[in-house]
Structure formats: structure tokens, C-alpha cells
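Here's the structure, in C-alpha cells; my notes come after.
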Amino acid sequence: MIARTFALAALSVLPAMAQDISRPQPARPGIDFQSADVRKLQADDFANPGMLAVARGERLWGEKLSGSDKPCVVCHGDATKSMKGAATRYPRFDPALGRVVNLEGRIDACQRGYGGGSALAAESAELVSLTAFVAHQSRGLPMAVSLEGPARATFERGAALYRTRIGQMNLACTHCHDANWGKTLLAEPISQGHPTGWPAYRLEWQATGSLQRRLRACFFGVRAEQPAYGSDDLVSLELYLAARAQGMAIEAPGVRR
Amino acid sequence: MKRRDFLVASGAALAALKARAQQFQPGQDITPFIEKVTGGAAIERSGIEVELPQIAENGNSVPLRIKVPSPMTAADHVSAIHVFAERNPRPLVAVFHLGPQTGRAEIDTRVRLAGTQKVTVLAALSGNRFRMAQVEVLVTSAACLDEASMST
Amino acid sequence: MIVGRLQVPPTARRGEAFQVRILIQHAMETGYRRDMDGRAIALNVVDSVVCRYAGREILRAQLGTGIAANPYIAFQAVADASGEIEVEFRDDRGEQGRLSATLTVT
């Protein structure tokens, strides 16, 4: 069944123009493709294990982190106000940094640049928790990234990568997430690949993790080399996915299998 | 009960078992575990409700609901609820101790299941009475012994 | 210190059942996982959770590696007098945590 599924995917004709955004219709968030138990867990603000990361992020918001002399609260005050809507705009081109950054990258750059601290390691408890806390302030708000100016080139790169066959399985993201969403792969329903639920608590990880961690797992899934955290490939892909999910509500913290 | 005793009781002997594909992970006979609790006394197969999903997407976290209807009085109450997973490397999952001061015997938790298996819930009641229920759960991604997730 | 969260309703009527919900932040390491260098990650679990209501123990749980990471326990209790609901938990390394909430019984 799996072989036939992929044979069908390979036969599908894909648009050659990189600037096309493939938007599966109807647009459905990742949570729709999870089991009833996982959906219930995500909706339960007390039992959702991702909320532990959010709670931790809330504590860290007021603390000095790894050498920084300024807790986030000093500049940003009450996050429930100052961070509302922030996550809907990421990834974005940051003029001060001169590149496109995702939310993790912005938090890390902030803490190093303005706080004077050392880097927050990728997937560290601190960075994941702060990202989960900030993203959570935008829960329910629609994704609204900008592709203006220098962000455009990053977006084009992400769009091209999304359609590029990779790995020993020689598959592109589009083969599963555009051509075969809703069908099952090894007993698991394939989602449309939207990023709105991240950071998320993944049952498989028994921990909350970032979207980039999940994307790396996808690369692993098709037996491709995993791009490094923060690499251009992953940031570009994130921007493409965010644009593709334009208007869809942020769910953070999500729960996934 | 010290942790070490608890783990020895839960079958730590299987801890040395190497990681294997799910279908080759044998289940243990949990009768000795049951008898350790009941001392051989008779066990009723009714009067205890156990809810588990038919299919658990990931064995790392499976919701379990246990309900033992009981007046929970000094004379007639549930004193402990034991949970066993026959195919887990340590079959004893948890023991919940309660009593008349609790008022009800209804517990929710989330367990790890190392593969498709039967989960056994044994309630010990006052007056040396026991009730047991067993539920089969199909686990599509096994916990504990499937190490593929570490690199991702 | 182990952190967690506790939820009880703010009020309950005498004789009425109410739910106590507990979520504890803890990896509940089984001892079977290996790190990226292939070394086994040591077993480390919350092994004891005790809940008291107005000073009387109403639940004592012995947990092991068969309980999912970030242990979740919810149970029904019956409202008696107004008082503190306290939860204390510890792991096999001696780390501890404590949560409390007030229940007003009418």
C-alpha cells in the first residue's frame, strides 16, 4: 500500500515555478490529523504537557539567562501584552540582524545582543520554553508573515526546497503534504505540514520541541541528511511553511504523537 | 516501600532484555504479581471499569482511567489499585493507595506501554476482596525499547 | 526541586465529589534510553506522590517507569471541610516538589 501511495505521488505533476504556494484545500491544522486522545490533550490547558514548557518560559521571562544582565521583562514588560501577535510574524527579515530569523533565532539574538548573554543552545530547555511561552501569547491569532524585501529571496529558497526531492527515499515535502495528506503512512495520517502547532509536545520525544526539530525528523524520515539547527535551509523552509499557512490560527503549545 | 524494592518487585530482571522489534518482545506471565497482592484469594471480574484507547498512537503516553464503584466507607472501601502491563520490561506500572477518606475510587493517569498488550488493573478492597479487569491495547509505536526516536 | 501544577475547584459543596488534577514536570527516565553517544541515560523517576486534604492523606501513589513522562494523575475526592489540598512528590534522587491549593467547602 505504501509503495502504491508513493508511486501515485511520483506521477503527480508539480508546478515548476518556485513562487507558487501550494495550499491544500480545505486548510486543516496538524491537530486534525492526530488521534482523539491527542486532540483532547492539546485542548486541555492543564494536562497539555506543552503548558509545562510555557510555564517554564513564563518563569524564565523574569530571570537573567546565561550571562545576560537583562531579563526579558525589563524591556518587554508583561508578555501577555507585548508579545501578543509577535509569533504570527515569524520568521521575518530582521534589519538589525540582516537576515531572516525564526522566533527562536530572534529570542536568542535578543538575549545576546541586548542582554549581553551567551547563546541559548538550540533545543535547550531555556530556548524551547521561552519560544513556547512567546508563541502561546499568539494562540488563536492568524499567521501573518511578510514576504516583502529581503524576505522574498528566503521564501523563494524555501519554496524550491519544499519541492526538491531529497534523501534515499527521493521524496520532496510536497509528495506527502500536498499530494497525499489525509492518507495513512505506516498507520499514521499524513498532515498538510502546517507549522501552526509549534513548539509542540511530541509524545515520541516525551518533550516539547521546536518546529525545526520536527522538520529535521522529516529529513530523517526520508533518509536525508538533517540540516543543522538554524541553517539557511531550515529557516527558509520555515518561512515558506508560515506563508503557506497564512491566516491559520496559531495553536501553541501543540501536542503531537 | 523503597524505590529499589518497588522496582525489584516490578520485574527488573527483564531490564537486561535488548531492544527488539515489537512483535518479538514477549509478554510476561503476571500471575505471580497478582498473587503477591491477593495471596491467592478469589478475584471478581466485575465491579471495576478500566478505560484505555483501543489504539494508542504512541506507547510513550497512553491515557488510563480506572473507576471502582464503592461506598468508600470504613467498612467497605477500595484500599489500593495496582496496574500491570504484561509486556513492559517492568510489568508493575503503579500502585495507588486510597481509602474511606478519599471518598471515591476514580483515577486517571497516563502510562507507558512497550507494545501492543493487555493492561491489567487489580483493585484491593477492604475485607480481603479483589476485583480485576484486563484491557487489550494496540500500540502502534512502542515505548521503552524502540530507540529510533533518539536521533530525531 | 521538581515543579508541577495542581488544580482543584475553588469551591465545592459538602459531600460533593470534586476532581484533583496533578501534573508533574519530570522526564521519568526508564534507564533504557541512550544518548547520542550510545550511553544509557540513568533511570530517574518520581516514585512517590502523596496528596493530603486538610492534613489527612487521601491518595498515595507509587510510580515507576511505566508511568508516562511528565506524570499526570487526576482523581475524585469528596468535599468535607474547607482546607488545604497539598501534594508532595519526590524522585529516586531525593528531588522534591510541593504544591498546594485551597478548597472552600460550603
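A note on labels: chains of the C-alpha cells are A, B, ... as shown, every chain counts residues from 1, and ligands are counted from 1 in their shown order.
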Distance table requested - segment 3-102 of chain C against segment 208-221 of chain A, cut-off 12 Å, only C-alpha atoms: one row per qualifying residue with the closest atom pair and its distance in Å to one decimal, ordered by chain and rising residue number, as a tab-separated table.
residue	atom	partner	partner_atom	distance
C:Gln25	CA	A:Thr208	CA	11.5
C:Ala27	CA	A:Thr208	CA	11.3
C:Ala69	CA	A:Thr208	CA	11.3
C:Asn70	CA	A:Thr208	CA	10.9
I'd like a table as CSV: residues in chain B with an atom no more than 6 Å from chain C, each row giving the shortest atom pair and its distance in Å to one decimal, only C-alpha atoms counted, sorted by chain and rising residue number.
residue,atom,partner,partner_atom,distance
B:Asn60,CA,C:Ala68,CA,6.0
B:Ser61,CA,C:Ala68,CA,5.1
B:Val93,CA,C:Gly66,CA,4.5
B:Ala94,CA,C:Leu63,CA,4.7
B:Val95,CA,C:Gln62,CA,5.1
B:Phe96,CA,C:Ala61,CA,4.4
B:His97,CA,C:Arg60,CA,5.0
B:Leu98,CA,C:Leu59,CA,5.0
B:Gln101,CA,C:Ile58,CA,5.7
B:Thr102,CA,C:Ile58,CA,4.6
B:Gly103,CA,C:Val78,CA,4.9
B:Arg104,CA,C:Ala77,CA,5.6
B:Glu106,CA,C:Phe75,CA,5.5
B:Ile107,CA,C:Phe75,CA,4.4
B:Asp108,CA,C:Ala74,CA,4.9
B:Thr109,CA,C:Ile73,CA,4.7
B:Arg110,CA,C:Ala68,CA,5.5
B:Val111,CA,C:Ile67,CA,4.3
B:Arg112,CA,C:Gly66,CA,4.9
Next item on the list: May I have the residues of chain A within 7 Å of chain B, counting only C-alpha atoms, written as number ranges by chain?
Entry: A: 203-206, 216-217, 257
Note to self: I need the residues of segment 21-96 of chain C that end up classed as strand (DSSP E) by DSSP on the backbone, written out as number ranges by chain.
What the structure shows: C: 21-24, 46-53, 56-63, 72-78, 83-91, 96
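Relative to atom CA of Pro10 of chain C, atom CA of Ser79 of chain B is found at 27.4 Å.
Of all the residues in segment 25-119 of chain B, the ones DSSP labels as helix (DSSP H, G or I) from the backbone are Thr31, Pro32, Phe33, Ile34, Glu35, Lys36, Val37 and Thr38 of chain B.
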Serialized selection, N, CA and C atoms, as a CSV table (one decimal), in the first residue's frame:
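Dumped everything to out32.csv:
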chain,number,residue,atom,x,y,z
B,31,THR,N,0.8,-13.6,36.6
B,31,THR,CA,0.1,-14.3,37.7
B,31,THR,C,0.9,-14.1,39.0
B,32,PRO,N,2.2,-14.3,39.0
B,32,PRO,CA,2.9,-14.1,40.3
B,32,PRO,C,2.7,-12.7,40.9
B,33,PHE,N,2.7,-11.7,40.0
B,33,PHE,CA,2.5,-10.4,40.5
B,33,PHE,C,1.1,-10.2,41.2
B,34,ILE,N,0.1,-10.8,40.5
B,34,ILE,CA,-1.3,-10.8,41.0
B,34,ILE,C,-1.3,-11.5,42.4
B,35,GLU,N,-0.7,-12.7,42.4
B,35,GLU,CA,-0.8,-13.5,43.6
B,35,GLU,C,-0.1,-12.9,44.8
B,36,LYS,N,1.0,-12.1,44.5
B,36,LYS,CA,1.7,-11.4,45.6
B,36,LYS,C,0.7,-10.4,46.3
B,37,VAL,N,-0.2,-9.9,45.5
B,37,VAL,CA,-1.1,-8.9,46.1
B,37,VAL,C,-2.3,-9.6,46.8
B,38,THR,N,-2.8,-10.7,46.1
B,38,THR,CA,-4.1,-11.3,46.6
B,38,THR,C,-3.8,-12.4,47.6
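Interatomic distance, atom CA of Asn48 of chain A to atom CA of Asn88 of chain B: 24.8 Å.
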If you count only C-alpha atoms, which residues fall within 9 Å of Glu84 of chain C, apart from same-chain ones fewer than 2 positions away, as a CSV table (one decimal) with C-alpha atoms, in the first residue's frame?
chain,number,residue,atom,x,y,z
C,52,ARG,CA,-3.4,15.4,51.7
C,53,TYR,CA,-6.7,17.1,52.3
C,54,ALA,CA,-6.9,19.2,55.5
C,55,GLY,CA,-3.9,17.2,56.8
C,82,SER,CA,-12.6,23.7,53.9
C,86,GLU,CA,-1.4,19.6,49.4
C,100,SER,CA,-1.0,23.3,47.4
C,101,ALA,CA,-4.4,24.8,46.8
C,102,THR,CA,-7.3,25.9,48.9
C,103,LEU,CA,-10.6,24.3,48.8
C,104,THR,CA,-13.6,26.2,50.2
Next item on the list: Choose the residue, out of C:Ala12, C:Leu43, C:Leu6, C:Met1, that has the smallest atom-to-atom separation from chain A; count only C-alpha atoms.
Entry: C:Leu6
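The smallest atom-to-atom distance between chain A and any of C:Leu99, C:Ile2, C:Ile85, C:Ile24, using only C-alpha atoms, is found for C:Ile24.
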